[in-house]
file upload-v9.cif (mmCIF, C-alpha atoms, pLDDT in the B column; chains and numbers go by the auth columns)
data_start
#
loop_
_atom_site.group_PDB
_atom_site.id
_atom_site.type_symbol
_atom_site.label_atom_id
_atom_site.label_comp_id
_atom_site.label_asym_id
_atom_site.label_seq_id
_atom_site.Cartn_x
_atom_site.Cartn_y
_atom_site.Cartn_z
_atom_site.B_iso_or_equiv
_atom_site.auth_seq_id
_atom_site.auth_asym_id
ATOM 1 C CA MET A 1 111.582 120.087 19.401 47.00 1 W
ATOM 2 C CA ALA A 2 113.107 117.035 17.752 54.00 2 W
ATOM 3 C CA GLN A 3 112.730 113.797 19.679 55.00 3 W
ATOM 4 C CA PRO A 4 115.235 110.981 19.324 60.00 4 W
ATOM 5 C CA ARG A 5 113.516 108.059 17.660 67.00 5 W
ATOM 6 C CA LEU A 6 113.231 105.296 20.210 75.00 6 W
ATOM 7 C CA ASP A 7 112.543 101.685 19.340 73.00 7 W
ATOM 8 C CA ALA A 8 109.434 100.000 20.686 77.00 8 W
ATOM 9 C CA PHE A 9 111.215 98.464 23.660 73.00 9 W
ATOM 10 C CA GLN A 10 112.769 101.742 24.723 76.00 10 W
ATOM 11 C CA VAL A 11 109.400 103.384 24.368 84.00 11 W
ATOM 12 C CA ILE A 12 107.650 101.049 26.780 79.00 12 W
ATOM 13 C CA ALA A 13 110.645 100.852 29.128 74.00 13 W
ATOM 14 C CA ASP A 14 109.494 104.094 30.723 81.00 14 W
ATOM 15 C CA PRO A 15 106.932 103.649 33.532 82.00 15 W
ATOM 16 C CA SER A 16 105.072 106.874 32.750 89.00 16 W
ATOM 17 C CA ARG A 17 104.650 105.898 29.131 90.00 17 W
ATOM 18 C CA ARG A 18 103.476 102.447 30.172 85.00 18 W
ATOM 19 C CA GLN A 19 100.953 104.065 32.464 87.00 19 W
ATOM 20 C CA ILE A 20 99.703 106.270 29.647 92.00 20 W
ATOM 21 C CA LEU A 21 99.233 103.204 27.433 89.00 21 W
ATOM 22 C CA GLN A 22 97.493 101.319 30.236 84.00 22 W
ATOM 23 C CA MET A 23 95.103 104.217 30.742 88.00 23 W
ATOM 24 C CA LEU A 24 94.387 104.358 27.039 88.00 24 W
ATOM 25 C CA THR A 25 93.477 100.669 26.942 82.00 25 W
ATOM 26 C CA LYS A 26 90.639 101.467 29.321 80.00 26 W
ATOM 27 C CA ASP A 27 89.391 104.784 28.135 82.00 27 W
ATOM 28 C CA SER A 28 89.968 107.583 25.701 83.00 28 W
ATOM 29 C CA TYR A 29 91.794 110.601 27.083 91.00 29 W
ATOM 30 C CA THR A 30 92.540 114.052 25.850 92.00 30 W
ATOM 31 C CA ILE A 31 96.098 115.275 26.297 90.00 31 W
ATOM 32 C CA ASN A 32 94.873 117.523 29.091 90.00 32 W
ATOM 33 C CA SER A 33 92.982 114.821 30.942 91.00 33 W
ATOM 34 C CA LEU A 34 95.996 112.521 30.691 92.00 34 W
ATOM 35 C CA ALA A 35 98.256 115.194 32.119 92.00 35 W
ATOM 36 C CA GLU A 36 95.954 115.609 35.139 92.00 36 W
ATOM 37 C CA ASN A 37 96.748 112.038 36.164 92.00 37 W
ATOM 38 C CA PHE A 38 100.468 112.608 36.442 92.00 38 W
ATOM 39 C CA ASP A 39 102.654 114.292 38.986 92.00 39 W
ATOM 40 C CA MET A 40 104.726 115.928 36.309 92.00 40 W
ATOM 41 C CA SER A 41 104.460 119.087 34.310 92.00 41 W
ATOM 42 C CA ARG A 42 102.214 119.200 31.283 91.00 42 W
ATOM 43 C CA PRO A 43 105.195 119.679 28.933 92.00 43 W
ATOM 44 C CA ALA A 44 106.766 116.546 30.420 94.00 44 W
ATOM 45 C CA VAL A 45 103.574 114.582 29.753 94.00 45 W
ATOM 46 C CA SER A 46 103.406 116.055 26.257 93.00 46 W
ATOM 47 C CA LYS A 47 106.918 114.849 25.615 94.00 47 W
ATOM 48 C CA HIS A 48 105.951 111.288 26.537 95.00 48 W
ATOM 49 C CA ILE A 49 102.883 111.528 24.336 95.00 49 W
ATOM 50 C CA LYS A 50 105.023 112.705 21.469 94.00 50 W
ATOM 51 C CA ILE A 51 107.392 109.776 21.912 94.00 51 W
ATOM 52 C CA LEU A 52 104.444 107.343 21.938 93.00 52 W
ATOM 53 C CA TYR A 53 103.071 109.036 18.858 93.00 53 W
ATOM 54 C CA THR A 54 106.385 108.938 16.962 92.00 54 W
ATOM 55 C CA ALA A 55 106.832 105.239 17.731 89.00 55 W
ATOM 56 C CA GLY A 56 103.342 104.406 16.464 90.00 56 W
ATOM 57 C CA PHE A 57 101.782 103.455 19.805 91.00 57 W
ATOM 58 C CA ILE A 58 99.139 106.149 19.677 92.00 58 W
ATOM 59 C CA SER A 59 97.512 108.484 17.254 92.00 59 W
ATOM 60 C CA ILE A 60 96.235 111.918 18.106 92.00 60 W
ATOM 61 C CA GLU A 61 92.917 113.021 16.733 90.00 61 W
ATOM 62 C CA ASP A 62 91.171 116.299 16.980 89.00 62 W
ATOM 63 C CA ILE A 63 87.638 115.686 18.111 85.00 63 W
ATOM 64 C CA GLY A 64 85.718 118.875 18.597 86.00 64 W
ATOM 65 C CA ARG A 65 88.081 121.237 20.333 87.00 65 W
ATOM 66 C CA GLU A 66 89.998 118.518 22.114 88.00 66 W
ATOM 67 C CA ARG A 67 93.017 116.513 21.085 90.00 67 W
ATOM 68 C CA HIS A 68 92.352 112.845 21.869 91.00 68 W
ATOM 69 C CA CYS A 69 94.991 110.166 22.273 92.00 69 W
ATOM 70 C CA ILE A 70 94.043 106.824 20.763 89.00 70 W
ATOM 71 C CA LEU A 71 95.946 103.556 20.847 87.00 71 W
ATOM 72 C CA LYS A 72 97.464 102.483 17.581 87.00 72 W
ATOM 73 C CA GLN A 73 98.567 99.003 16.561 84.00 73 W
ATOM 74 C CA ASP A 74 101.862 99.789 14.810 85.00 74 W
ATOM 75 C CA GLY A 75 104.059 100.188 17.867 83.00 75 W
ATOM 76 C CA PHE A 76 102.749 96.955 19.306 80.00 76 W
ATOM 77 C CA ASN A 77 103.382 95.108 16.060 81.00 77 W
ATOM 78 C CA GLU A 78 107.039 95.977 16.293 77.00 78 W
ATOM 79 C CA LEU A 79 107.220 94.243 19.669 76.00 79 W
ATOM 80 C CA GLN A 80 105.475 91.210 18.254 78.00 80 W
ATOM 81 C CA ASN A 81 107.899 91.078 15.304 80.00 81 W
ATOM 82 C CA TRP A 82 110.814 90.906 17.703 77.00 82 W
ATOM 83 C CA ILE A 83 109.255 87.940 19.489 80.00 83 W
ATOM 84 C CA ASP A 84 108.426 86.205 16.210 84.00 84 W
ATOM 85 C CA TYR A 85 112.002 86.713 15.113 86.00 85 W
ATOM 86 C CA PHE A 86 113.417 84.931 18.135 87.00 86 W
ATOM 87 C CA ASP A 87 110.763 82.259 17.973 88.00 87 W
ATOM 88 C CA SER A 88 111.881 81.123 14.532 91.00 88 W
ATOM 89 C CA PHE A 89 115.511 81.787 15.401 92.00 89 W
ATOM 90 C CA TRP A 90 115.372 79.163 18.149 93.00 90 W
ATOM 91 C CA LYS A 91 113.396 76.695 16.064 93.00 91 W
ATOM 92 C CA ASN A 92 116.068 76.822 13.371 94.00 92 W
ATOM 93 C CA LYS A 93 118.891 76.508 15.860 95.00 93 W
ATOM 94 C CA LEU A 94 117.363 73.502 17.585 95.00 94 W
ATOM 95 C CA LYS A 95 116.915 71.756 14.248 95.00 95 W
ATOM 96 C CA LYS A 96 120.483 72.543 13.343 95.00 96 W
ATOM 97 C CA LEU A 97 121.624 70.960 16.580 96.00 97 W
ATOM 98 C CA GLU A 98 119.706 67.812 15.721 95.00 98 W
ATOM 99 C CA THR A 99 121.382 67.552 12.319 95.00 99 W
ATOM 100 C CA LEU A 100 124.747 68.131 13.900 94.00 100 W
ATOM 101 C CA LEU A 101 124.224 65.504 16.582 94.00 101 W
ATOM 102 C CA ASN A 102 122.948 62.949 14.105 91.00 102 W
ATOM 103 C CA ASN A 103 125.848 63.499 11.732 90.00 103 W
ATOM 104 C CA LYS A 104 128.267 63.136 14.567 81.00 104 W
ATOM 105 C CA MET A 105 126.739 59.844 15.636 73.00 105 W
ATOM 106 C CA ASN A 106 126.714 58.444 12.126 74.00 106 W
ATOM 107 C CA LYS A 107 130.394 59.062 11.768 68.00 107 W
ATOM 108 C CA LYS A 108 131.183 56.915 14.770 57.00 108 W
ATOM 109 C CA MET B 1 102.178 88.299 32.776 32.00 1 N
ATOM 110 C CA THR B 2 105.358 87.694 30.864 44.00 2 N
ATOM 111 C CA ARG B 3 105.471 86.417 27.373 67.00 3 N
ATOM 112 C CA THR B 4 107.936 83.564 27.033 79.00 4 N
ATOM 113 C CA ILE B 5 109.109 81.701 23.979 86.00 5 N
ATOM 114 C CA LYS B 6 109.094 77.984 24.678 89.00 6 N
ATOM 115 C CA HIS B 7 110.372 75.160 22.550 91.00 7 N
ATOM 116 C CA SER B 8 110.986 71.557 23.320 91.00 8 N
ATOM 117 C CA PHE B 9 112.988 69.283 21.107 91.00 9 N
ATOM 118 C CA PHE B 10 113.808 65.612 21.423 94.00 10 N
ATOM 119 C CA TYR B 11 117.302 64.385 20.623 94.00 11 N
ATOM 120 C CA SER B 12 118.096 60.698 20.451 93.00 12 N
ATOM 121 C CA HIS B 13 121.315 61.231 22.332 93.00 13 N
ATOM 122 C CA SER B 14 122.293 61.180 25.987 94.00 14 N
ATOM 123 C CA ALA B 15 121.963 64.252 28.196 95.00 15 N
ATOM 124 C CA GLU B 16 125.757 64.257 28.502 95.00 16 N
ATOM 125 C CA ILE B 17 126.169 64.719 24.755 94.00 17 N
ATOM 126 C CA VAL B 18 123.468 67.377 24.482 94.00 18 N
ATOM 127 C CA TRP B 19 124.975 69.157 27.477 96.00 19 N
ATOM 128 C CA GLU B 20 128.356 69.179 25.769 94.00 20 N
ATOM 129 C CA TYR B 21 126.827 70.982 22.799 94.00 21 N
ATOM 130 C CA LEU B 22 125.189 73.490 25.093 95.00 22 N
ATOM 131 C CA THR B 23 128.262 74.325 27.122 96.00 23 N
ATOM 132 C CA ASN B 24 131.355 73.846 24.979 96.00 24 N
ATOM 133 C CA SER B 25 132.109 77.109 23.243 97.00 25 N
ATOM 134 C CA GLU B 26 133.398 75.521 20.042 96.00 26 N
ATOM 135 C CA LEU B 27 130.531 73.061 19.768 94.00 27 N
ATOM 136 C CA MET B 28 128.022 75.846 20.514 94.00 28 N
ATOM 137 C CA ALA B 29 129.464 77.854 17.647 94.00 29 N
ATOM 138 C CA GLN B 30 128.697 74.979 15.283 93.00 30 N
ATOM 139 C CA TRP B 31 124.936 75.195 15.728 93.00 31 N
ATOM 140 C CA LEU B 32 124.207 78.346 17.676 93.00 32 N
ATOM 141 C CA MET B 33 126.516 81.336 17.247 93.00 33 N
ATOM 142 C CA PRO B 34 130.134 82.353 17.669 95.00 34 N
ATOM 143 C CA ASN B 35 130.686 82.979 21.367 97.00 35 N
ATOM 144 C CA ASP B 36 133.147 83.076 24.251 97.00 36 N
ATOM 145 C CA PHE B 37 131.078 81.025 26.668 98.00 37 N
ATOM 146 C CA MET B 38 132.585 79.329 29.694 97.00 38 N
ATOM 147 C CA PRO B 39 130.569 77.093 32.001 96.00 39 N
ATOM 148 C CA GLU B 40 131.045 79.180 35.146 97.00 40 N
ATOM 149 C CA VAL B 41 128.356 81.031 37.050 97.00 41 N
ATOM 150 C CA GLY B 42 128.993 84.756 36.702 97.00 42 N
ATOM 151 C CA HIS B 43 131.004 84.400 33.500 97.00 43 N
ATOM 152 C CA GLU B 44 130.186 87.188 31.066 97.00 44 N
ATOM 153 C CA PHE B 45 130.182 86.259 27.419 97.00 45 N
ATOM 154 C CA ARG B 46 128.848 87.324 24.046 97.00 46 N
ATOM 155 C CA PHE B 47 127.111 85.803 21.114 95.00 47 N
ATOM 156 C CA THR B 48 127.506 87.534 17.787 93.00 48 N
ATOM 157 C CA ILE B 49 124.997 87.410 14.976 86.00 49 N
ATOM 158 C CA LYS B 50 124.034 89.616 12.071 84.00 50 N
ATOM 159 C CA PRO B 51 122.873 93.069 13.135 86.00 51 N
ATOM 160 C CA ILE B 52 119.154 93.693 12.686 78.00 52 N
ATOM 161 C CA PRO B 53 118.834 97.409 12.016 76.00 53 N
ATOM 162 C CA GLU B 54 115.020 97.407 11.983 70.00 54 N
ATOM 163 C CA PHE B 55 115.059 96.262 15.613 71.00 55 N
ATOM 164 C CA GLU B 56 117.948 98.602 16.446 73.00 56 N
ATOM 165 C CA PHE B 57 119.992 95.583 17.346 81.00 57 N
ATOM 166 C CA ASP B 58 123.731 95.623 16.621 88.00 58 N
ATOM 167 C CA GLY B 59 124.116 91.831 16.549 89.00 59 N
ATOM 168 C CA ILE B 60 125.888 91.417 19.881 93.00 60 N
ATOM 169 C CA ILE B 61 124.126 89.517 22.623 93.00 61 N
ATOM 170 C CA TYR B 62 125.561 90.174 26.058 95.00 62 N
ATOM 171 C CA CYS B 63 125.166 87.248 28.388 96.00 63 N
ATOM 172 C CA ASN B 64 125.966 86.301 31.925 97.00 64 N
ATOM 173 C CA VAL B 65 125.872 82.727 33.198 98.00 65 N
ATOM 174 C CA MET B 66 123.271 82.682 35.957 98.00 66 N
ATOM 175 C CA GLU B 67 122.871 79.029 36.817 98.00 67 N
ATOM 176 C CA ILE B 68 124.496 75.706 35.994 98.00 68 N
ATOM 177 C CA VAL B 69 123.271 72.288 37.043 98.00 69 N
ATOM 178 C CA PRO B 70 125.455 69.881 35.035 97.00 70 N
ATOM 179 C CA PHE B 71 123.505 67.801 32.490 97.00 71 N
ATOM 180 C CA LYS B 72 120.233 69.287 33.729 97.00 72 N
ATOM 181 C CA LYS B 73 119.944 73.039 33.581 98.00 73 N
ATOM 182 C CA LEU B 74 121.696 76.101 32.193 98.00 74 N
ATOM 183 C CA VAL B 75 120.516 79.695 32.550 98.00 75 N
ATOM 184 C CA TYR B 76 122.015 82.844 31.105 97.00 76 N
ATOM 185 C CA SER B 77 120.916 86.415 30.625 95.00 77 N
ATOM 186 C CA TRP B 78 120.444 87.590 27.059 92.00 78 N
ATOM 187 C CA LYS B 79 120.741 91.312 26.468 90.00 79 N
ATOM 188 C CA GLY B 80 121.088 93.431 23.397 86.00 80 N
ATOM 189 C CA GLY B 81 120.824 96.941 22.106 80.00 81 N
ATOM 190 C CA PRO B 82 121.574 99.285 19.226 79.00 82 N
ATOM 191 C CA GLY B 83 125.302 99.489 20.024 83.00 83 N
ATOM 192 C CA ASP B 84 125.411 102.788 21.900 83.00 84 N
ATOM 193 C CA GLY B 85 125.649 101.090 25.272 79.00 85 N
ATOM 194 C CA SER B 86 121.921 101.112 25.890 75.00 86 N
ATOM 195 C CA ILE B 87 120.011 97.867 26.340 76.00 87 N
ATOM 196 C CA ASN B 88 116.552 97.434 24.875 72.00 88 N
ATOM 197 C CA LEU B 89 116.385 93.665 24.970 78.00 89 N
ATOM 198 C CA ASP B 90 116.700 92.355 28.511 82.00 90 N
ATOM 199 C CA SER B 91 115.814 88.697 28.617 87.00 91 N
ATOM 200 C CA VAL B 92 116.788 85.331 30.047 92.00 92 N
ATOM 201 C CA VAL B 93 117.434 82.002 28.313 94.00 93 N
ATOM 202 C CA THR B 94 116.863 78.790 30.266 96.00 94 N
ATOM 203 C CA TRP B 95 117.838 75.357 28.999 96.00 95 N
ATOM 204 C CA THR B 96 116.478 72.285 30.750 96.00 96 N
ATOM 205 C CA LEU B 97 117.490 68.736 29.884 96.00 97 N
ATOM 206 C CA VAL B 98 115.230 65.805 30.726 97.00 98 N
ATOM 207 C CA THR B 99 116.548 62.291 30.285 97.00 99 N
ATOM 208 C CA LYS B 100 114.099 60.047 28.450 95.00 100 N
ATOM 209 C CA GLU B 101 114.189 56.411 27.531 93.00 101 N
ATOM 210 C CA ASN B 102 115.817 56.814 24.120 93.00 102 N
ATOM 211 C CA GLY B 103 117.386 60.194 24.433 94.00 103 N
ATOM 212 C CA THR B 104 117.014 63.645 25.858 95.00 104 N
ATOM 213 C CA GLU B 105 114.290 66.208 25.805 95.00 105 N
ATOM 214 C CA LEU B 106 115.701 69.697 25.602 95.00 106 N
ATOM 215 C CA LEU B 107 113.477 72.534 26.754 94.00 107 N
ATOM 216 C CA LEU B 108 114.197 76.102 25.859 94.00 108 N
ATOM 217 C CA GLU B 109 112.586 79.056 27.560 92.00 109 N
ATOM 218 C CA HIS B 110 113.356 82.546 26.410 91.00 110 N
ATOM 219 C CA SER B 111 111.651 84.859 28.874 86.00 111 N
ATOM 220 C CA GLY B 112 111.431 88.565 29.548 78.00 112 N
ATOM 221 C CA LEU B 113 111.194 89.444 25.877 72.00 113 N
ATOM 222 C CA MET B 114 108.009 91.252 26.687 61.00 114 N
ATOM 223 C CA LYS B 115 108.272 92.326 30.264 53.00 115 N
ATOM 224 C CA ASN B 116 105.547 94.785 29.587 46.00 116 N
ATOM 225 C CA ILE B 117 103.275 92.337 27.891 45.00 117 N
ATOM 226 C CA SER B 118 100.338 93.258 30.121 48.00 118 N
ATOM 227 C CA ILE B 119 100.051 96.394 28.044 49.00 119 N
ATOM 228 C CA TYR B 120 100.131 94.396 24.893 51.00 120 N
ATOM 229 C CA GLU B 121 97.418 92.046 26.040 51.00 121 N
ATOM 230 C CA ALA B 122 95.266 94.714 27.545 49.00 122 N
ATOM 231 C CA MET B 123 95.692 96.554 24.325 50.00 123 N
ATOM 232 C CA ASN B 124 94.522 93.659 22.194 51.00 124 N
ATOM 233 C CA LYS B 125 91.566 93.146 24.484 51.00 125 N
ATOM 234 C CA GLY B 126 90.624 96.764 24.753 50.00 126 N
ATOM 235 C CA TRP B 127 91.126 97.460 21.103 50.00 127 N
ATOM 236 C CA LYS B 128 87.622 97.016 19.794 50.00 128 N
ATOM 237 C CA GLU B 129 86.015 98.719 22.754 56.00 129 N
ATOM 238 C CA ASN B 130 88.230 101.702 22.188 53.00 130 N
ATOM 239 C CA ILE B 131 87.425 101.964 18.544 52.00 131 N
ATOM 240 C CA ALA B 132 83.759 101.908 19.499 57.00 132 N
ATOM 241 C CA LYS B 133 84.312 104.601 22.090 58.00 133 N
ATOM 242 C CA ILE B 134 86.114 106.820 19.644 56.00 134 N
ATOM 243 C CA ASP B 135 83.329 106.373 17.125 61.00 135 N
ATOM 244 C CA GLU B 136 80.906 107.420 19.792 65.00 136 N
ATOM 245 C CA LEU B 137 82.968 110.483 20.628 63.00 137 N
ATOM 246 C CA ILE B 138 83.281 111.495 17.013 62.00 138 N
ATOM 247 C CA ASN B 139 79.549 111.085 16.539 65.00 139 N
ATOM 248 C CA LYS B 140 78.807 113.042 19.684 66.00 140 N
ATOM 249 C CA SER B 141 81.030 115.901 18.641 62.00 141 N
ATOM 250 C CA THR B 142 79.508 116.027 15.155 59.00 142 N
ATOM 251 C CA HIS B 143 76.054 116.097 16.680 57.00 143 N
ATOM 252 C CA GLY B 144 77.180 118.758 19.074 51.00 144 N
ATOM 253 C CA ALA B 145 78.470 120.836 16.202 48.00 145 N
ATOM 254 C CA THR B 146 75.236 120.569 14.205 45.00 146 N
ATOM 255 C CA LYS B 147 73.168 121.507 17.210 41.00 147 N
ATOM 256 C CA ALA B 148 75.284 124.537 17.985 39.00 148 N
#
call {"tool": "encode", "arguments": {"input": "upload-v9.cif", "output": "structure tokens"}}
result
Amino acid sequence: MAQPRLDAFQVIADPSRRQILQMLTKDSYTINSLAENFDMSRPAVSKHIKILYTAGFISIEDIGRERHCILKQDGFNELQNWIDYFDSFWKNKLKKLETLLNNKMNKK
Amino acid sequence: MTRTIKHSFFYSHSAEIVWEYLTNSELMAQWLMPNDFMPEVGHEFRFTIKPIPEFEFDGIIYCNVMEIVPFKKLVYSWKGGPGDGSINLDSVVTWTLVTKENGTELLLEHSGLMKNISIYEAMNKGWKENIAKIDELINKSTHGATKA
């Protein structure tokens, strides 16, 4: 089934998906073992996993007979890019304000 | 833990002047962005910038004035989204002005950008361990396969 593509912030806005990511920072889980930790149906957990996968937060690897979920950097990079964007945004704006204020004073 | 962008900048002008540029809609537009700001707590306003499609951001920042302490502090919410009514950026901007001998120190805090930063940090920390674990698992399963 087609999933809507969510951006990184929408992806981690969901508490279940955050919990999945938290669990994966501590240990490796198969899709089945992840599902056991949640009070929701396996298809519901699968859906979250698929969303995390599509957004680049996890990869899924077949190891032996099991499908393992593994954290992936890409999704997290997107979050970092957003922060970097605003970081330089503000730096530029604050400099612009300085120029503006100085020009104003010089005119007086 | 919340990740916050912080900048401080010194202006050789009085707090009154800096405040004016922070709270007068027309002056704000000259250095910040076009807006319909009014210095009233609860006033809802917008900033407009260029849309950033790669962040699914339509270029409109929805704000609400949360706190005003004249010449000292200004706080507003800072929200944005892809333009379908949903919000994926839910943050807060805080301006603090500190009067100094020859001017004003302006502090900017942009917080809540990464409400879920604990994941991000845990992730960076746990990254190498995980890779090692996965290697182990892969090795185990290969061994298992050869033995079987």
call {"tool": "resolve_selection", "arguments": {"input": "upload-v9.cif", "expression": "the PyMOL selection byres ((chain N and resi 85) around 12)", "output": "PyMOL selection string"}}
result
chain N and resi 56-58+60-62+79-84+86-89
call {"tool": "write_last_selection", "arguments": {"input": "upload-v9.cif", "atoms": "C-alpha atoms", "output": "mmCIF file, in the frame of the given file"}}
result
data_model
loop_
_atom_site.group_PDB
_atom_site.id
_atom_site.type_symbol
_atom_site.label_atom_id
_atom_site.label_comp_id
_atom_site.auth_asym_id
_atom_site.auth_seq_id
_atom_site.Cartn_x
_atom_site.Cartn_y
_atom_site.Cartn_z
ATOM 1 C CA GLU N 56 117.948 98.602 16.446
ATOM 2 C CA PHE N 57 119.992 95.583 17.346
ATOM 3 C CA ASP N 58 123.731 95.623 16.621
ATOM 4 C CA ILE N 60 125.888 91.417 19.881
ATOM 5 C CA ILE N 61 124.126 89.517 22.623
ATOM 6 C CA TYR N 62 125.561 90.174 26.058
ATOM 7 C CA LYS N 79 120.741 91.312 26.468
ATOM 8 C CA GLY N 80 121.088 93.431 23.397
ATOM 9 C CA GLY N 81 120.824 96.941 22.106
ATOM 10 C CA PRO N 82 121.574 99.285 19.226
ATOM 11 C CA GLY N 83 125.302 99.489 20.024
ATOM 12 C CA ASP N 84 125.411 102.788 21.900
ATOM 13 C CA SER N 86 121.921 101.112 25.890
ATOM 14 C CA ILE N 87 120.011 97.867 26.340
ATOM 15 C CA ASN N 88 116.552 97.434 24.875
ATOM 16 C CA LEU N 89 116.385 93.665 24.970
#
call {"tool": "closest_residue", "arguments": {"input": "upload-v9.cif", "among": "N:Met33, N:Leu113, N:Leu106, N:Ile68", "to": "Lys50 (chain N)", "atoms": "all atoms listed in the file"}}
result
N:Met33
call {"tool": "atom_distance", "arguments": {"input": "upload-v9.cif", "atom1": "CA of Leu21 (chain W)", "atom2": "CA of Phe55 (chain N)"}}
result
20.9 Å
call {"tool": "atom_distance", "arguments": {"input": "upload-v9.cif", "atom1": "CA of Ile52 (chain N)", "atom2": "CA of Arg18 (chain W)"}}
result
25.1 Å
call {"tool": "closest_residue", "arguments": {"input": "upload-v9.cif", "among": "W:Pro15, W:Lys104, W:Leu52, W:Thr25", "to": "chain N", "atoms": "all atoms listed in the file"}}
result
W:Thr25
call {"tool": "axis_aligned_box", "arguments": {"input": "upload-v9.cif", "around": "region 84-94 of chain W", "padding_each_side": "8 Å", "output": "JSON"}}
result
{"center_x": 113.7, "center_y": 80.1, "center_z": 15.8, "size_x": 26.5, "size_y": 29.2, "size_z": 20.8}
call {"tool": "interface_residues", "arguments": {"input": "upload-v9.cif", "of": "chain W", "to": "chain N", "cutoff": "8 Å", "atoms": "only C-alpha atoms", "output": "number ranges by chain"}}
result
W: 7, 9-10, 12-13, 18, 21-22, 25-28, 63-64, 70-71, 76, 79, 82-83, 86-87, 90-91, 93-94, 96-98, 100-101
call {"tool": "write_last_selection", "arguments": {"input": "upload-v9.cif", "atoms": "C-alpha atoms", "output": "PDB file, keeping the file's coordinate frame"}}
result
ATOM      1  CA  ASP W   7     112.543 101.685  19.340  1.00 73.00           C
ATOM      2  CA  PHE W   9     111.215  98.464  23.660  1.00 73.00           C
ATOM      3  CA  GLN W  10     112.769 101.742  24.723  1.00 76.00           C
ATOM      4  CA  ILE W  12     107.650 101.049  26.780  1.00 79.00           C
ATOM      5  CA  ALA W  13     110.645 100.852  29.128  1.00 74.00           C
ATOM      6  CA  ARG W  18     103.476 102.447  30.172  1.00 85.00           C
ATOM      7  CA  LEU W  21      99.233 103.204  27.433  1.00 89.00           C
ATOM      8  CA  GLN W  22      97.493 101.319  30.236  1.00 84.00           C
ATOM      9  CA  THR W  25      93.477 100.669  26.942  1.00 82.00           C
ATOM     10  CA  LYS W  26      90.639 101.467  29.321  1.00 80.00           C
ATOM     11  CA  ASP W  27      89.391 104.784  28.135  1.00 82.00           C
ATOM     12  CA  SER W  28      89.968 107.583  25.701  1.00 83.00           C
ATOM     13  CA  ILE W  63      87.638 115.686  18.111  1.00 85.00           C
ATOM     14  CA  GLY W  64      85.718 118.875  18.597  1.00 86.00           C
ATOM     15  CA  ILE W  70      94.043 106.824  20.763  1.00 89.00           C
ATOM     16  CA  LEU W  71      95.946 103.556  20.847  1.00 87.00           C
ATOM     17  CA  PHE W  76     102.749  96.955  19.306  1.00 80.00           C
ATOM     18  CA  LEU W  79     107.220  94.243  19.669  1.00 76.00           C
ATOM     19  CA  TRP W  82     110.814  90.906  17.703  1.00 77.00           C
ATOM     20  CA  ILE W  83     109.255  87.940  19.489  1.00 80.00           C
ATOM     21  CA  PHE W  86     113.417  84.931  18.135  1.00 87.00           C
ATOM     22  CA  ASP W  87     110.763  82.259  17.973  1.00 88.00           C
ATOM     23  CA  TRP W  90     115.372  79.163  18.149  1.00 93.00           C
ATOM     24  CA  LYS W  91     113.396  76.695  16.064  1.00 93.00           C
ATOM     25  CA  LYS W  93     118.891  76.508  15.860  1.00 95.00           C
ATOM     26  CA  LEU W  94     117.363  73.502  17.585  1.00 95.00           C
ATOM     27  CA  LYS W  96     120.483  72.543  13.343  1.00 95.00           C
ATOM     28  CA  LEU W  97     121.624  70.960  16.580  1.00 96.00           C
ATOM     29  CA  GLU W  98     119.706  67.812  15.721  1.00 95.00           C
ATOM     30  CA  LEU W 100     124.747  68.131  13.900  1.00 94.00           C
ATOM     31  CA  LEU W 101     124.224  65.504  16.582  1.00 94.00           C
TER      32      LEU W 101
END
call {"tool": "residues_around", "arguments": {"input": "upload-v9.cif", "residues": "region 40-50 of chain W", "least_positions_apart": "2", "cutoff": "12 Å", "atoms": "all atoms listed in the file", "output": "PyMOL selection string"}}
result
chain W and resi 1-6+10-21+24+29-38+52-60+67-71
